[in-house]
Amino acid sequence: MKTIAIVNQKGGVGKTTISAILLSFLPKKNLKVLGVDIDPQANLSIIFLKNLPENPTSYDLLLGKDIEPLKFKDFDLVPSTLKLARIDQELSGVVAREYRLLKGLSKIKELYDVIIIDTPPSLSLLTLNALFASDGIIVPTEAKFLGIVGLSNLWEVLREIKEYADKEIDVIGIVPNLFEKSVSLQRDLLNKLNELQIKVFHPIPKRSTFQYFSLGEKTLDDLDSFTKESIKDLIEGVVEWLKKEKAF
């Protein structure tokens, strides 16, 4: 079993959409999948649920309560709640508070091949919990100057976790999202990303149908061929990493 967090401290880069894609398509590879939404905005949960439940939620998980994830046809889900917005205060002064999610997932992780964690757009306690609970991360980003420069903050956090917590988190890959091939600056920045010693997945184009997919209003068949290939590349890349890590 392996845990993957979808991380970027910048908002609007497609973390939730990528999480939804993985939850929708990894089960088609005969994998038992759990989604965990720790973003107080609860966008991932809203995609799959009409109404957010009182429990079980990731808030309960962080407080050490026993939970049973919600079951869908192809995957399970621990939904979010607005109560997560006050988790920093509630866990202030708590020893090893960055490990609360890791501890909570340890009670149920053996039921799954892979756990996907959708994170908030910040490097907050919630995101740190996701990082400490994860074996690898996927980093969606826009092919824009500020989006790429902002990645340096995440790399620094990963370096500090390795140095001070003796935990190495694998960067599975970067997903350039909202990509506009016709914009020369974005093509240049994509080339810059490809110079990194990190796998860069096929860019996902800026398409309205792809954004509607994240809202559950479109299927893969509704997408254009370029977007389909990008999603296929992402899914195959994640499965390849899981096999390499002997997750199943």
# chains A, B, ... in the order shown; residues from 1 in each chain; ligands from 1
call {"tool": "residues_around", "arguments": {"residues": "segment 63-67 of chain A", "least_positions_apart": "2", "cutoff": "8 Å", "atoms": "only C-alpha atoms", "output": "list in words"}}
result
Pro56, Thr57, Tyr59, Asp60, Leu61, Pro69, Arg100, Lys103, Gly104 and Lys107 of chain A
call {"tool": "write_last_selection", "arguments": {"atoms": "C-alpha atoms", "output": "PDB file, in the first residue's frame"}}
result
ATOM      1  CA  PRO A  56     -17.065  10.253   8.978  1.00  0.00           C
ATOM      2  CA  THR A  57     -14.731  13.050   7.896  1.00  0.00           C
ATOM      3  CA  TYR A  59     -11.519  15.987  10.727  1.00  0.00           C
ATOM      4  CA  ASP A  60     -12.454  12.893  12.764  1.00  0.00           C
ATOM      5  CA  LEU A  61      -9.420  11.098  11.366  1.00  0.00           C
ATOM      6  CA  PRO A  69     -14.903   5.584   4.861  1.00  0.00           C
ATOM      7  CA  ARG A 100      -2.009  12.776  13.121  1.00  0.00           C
ATOM      8  CA  LYS A 103      -1.657   7.654  12.598  1.00  0.00           C
ATOM      9  CA  GLY A 104      -5.315   7.800  11.593  1.00  0.00           C
ATOM     10  CA  LYS A 107      -5.897   1.855  11.112  1.00  0.00           C
TER      11      LYS A 107
END
call {"tool": "residues_around", "arguments": {"residues": "Asp88 of chain A", "least_positions_apart": "5", "cutoff": "10 Å", "atoms": "only C-alpha atoms", "output": "PyMOL selection string"}}
result
chain A and resi 93-94+97+124-126
call {"tool": "select_by_dssp", "arguments": {"residues": "segment 22-242 of chain A", "states": "alpha helix (DSSP H)", "output": "NGL selection string"}}
result
:A and (22-25 or 43-48 or 58-62 or 87-90 or 100-105 or 125-133 or 145-149 or 151-165 or 184-194 or 208-213 or 225-242)
call {"tool": "select_by_dssp", "arguments": {"residues": "segment 165-208 of chain A", "states": "strand (DSSP E or B)", "output": "ChimeraX atom specification"}}
result
/A:170-177,179,200,205
call {"tool": "write_last_selection", "arguments": {"atoms": "C-alpha atoms", "output": "PDB file, in the first residue's frame"}}
result
ATOM      1  CA  ASP A 170       9.237  10.752  -3.686  1.00  0.00           C
ATOM      2  CA  VAL A 171       8.143  13.356  -6.233  1.00  0.00           C
ATOM      3  CA  ILE A 172       6.245  11.115  -8.635  1.00  0.00           C
ATOM      4  CA  GLY A 173       5.874  13.896 -11.141  1.00  0.00           C
ATOM      5  CA  ILE A 174       4.727  17.372 -12.065  1.00  0.00           C
ATOM      6  CA  VAL A 175       1.475  17.852 -13.984  1.00  0.00           C
ATOM      7  CA  PRO A 176       1.463  21.064 -16.067  1.00  0.00           C
ATOM      8  CA  ASN A 177      -2.192  22.034 -16.053  1.00  0.00           C
ATOM      9  CA  PHE A 179      -1.627  24.574 -20.641  1.00  0.00           C
ATOM     10  CA  VAL A 200       6.964  15.856 -16.043  1.00  0.00           C
ATOM     11  CA  PRO A 205      -4.586  21.656 -21.962  1.00  0.00           C
TER      12      PRO A 205
END
call {"tool": "closest_atom_pairs", "arguments": {"of": "segment 100-205 of chain A", "to": "segment 71-75 of chain A", "cutoff": "12 Å", "atoms": "only C-alpha atoms", "output": "Markdown table"}}
result
| residue | atom | partner | partner_atom | distance |
| --- | --- | --- | --- | --- |
| A:Leu111 | CA | A:Phe75 | CA | 11.3 |
| A:Tyr112 | CA | A:Phe75 | CA | 9.4 |
| A:Asp113 | CA | A:Phe75 | CA | 10.9 |
| A:Val114 | CA | A:Phe75 | CA | 10.3 |
| A:Ile115 | CA | A:Phe75 | CA | 10.0 |
| A:Ile116 | CA | A:Phe75 | CA | 10.6 |
call {"tool": "residues_around", "arguments": {"residues": "segment 184-195 of chain A", "least_positions_apart": "6", "cutoff": "8 Å", "atoms": "only C-alpha atoms", "output": "list in words"}}
result
Ala143, Lys144, Phe145, Ile148 and Pro176 of chain A
call {"tool": "write_last_selection", "arguments": {"atoms": "N, CA and C atoms", "output": "CSV table (one decimal), in the first residue's frame"}}
result
chain,number,residue,atom,x,y,z
A,143,ALA,N,1.7,26.4,-16.2
A,143,ALA,CA,2.9,26.7,-16.9
A,143,ALA,C,3.0,28.2,-17.0
A,144,LYS,N,3.1,28.8,-15.8
A,144,LYS,CA,3.2,30.3,-15.7
A,144,LYS,C,4.4,30.6,-14.8
A,145,PHE,N,5.0,31.7,-14.9
A,145,PHE,CA,6.2,32.1,-14.2
A,145,PHE,C,6.0,31.9,-12.7
A,148,ILE,N,5.6,28.3,-11.4
A,148,ILE,CA,6.8,27.5,-11.4
A,148,ILE,C,7.8,28.0,-10.3
A,176,PRO,N,1.8,19.7,-15.6
A,176,PRO,CA,1.5,21.1,-16.1
A,176,PRO,C,0.0,21.1,-16.5
call {"tool": "closest_residue", "arguments": {"among": "A:Leu146, A:Leu151, A:Ile198, A:Ile231", "to": "Leu123 of chain A", "atoms": "only C-alpha atoms"}}
result
A:Leu151
call {"tool": "atom_distance", "arguments": {"atom1": "atom CA of Leu158 of chain A", "atom2": "atom CA of Leu131 of chain A"}}
result
8.4 Å
call {"tool": "closest_residue", "arguments": {"among": "A:Thr141, A:Ser152, A:Ser19, A:Asn30", "to": "Ile4 of chain A", "atoms": "only C-alpha atoms"}}
result
A:Ser19
call {"tool": "atom_distance", "arguments": {"atom1": "atom CA of Asn153 of chain A", "atom2": "atom CA of Lys167 of chain A"}}
result
17.4 Å
call {"tool": "closest_residue", "arguments": {"among": "A:Leu31, A:Leu105, A:Ile18, A:Ile46", "to": "Ser58 of chain A", "atoms": "only C-alpha atoms"}}
result
A:Leu105
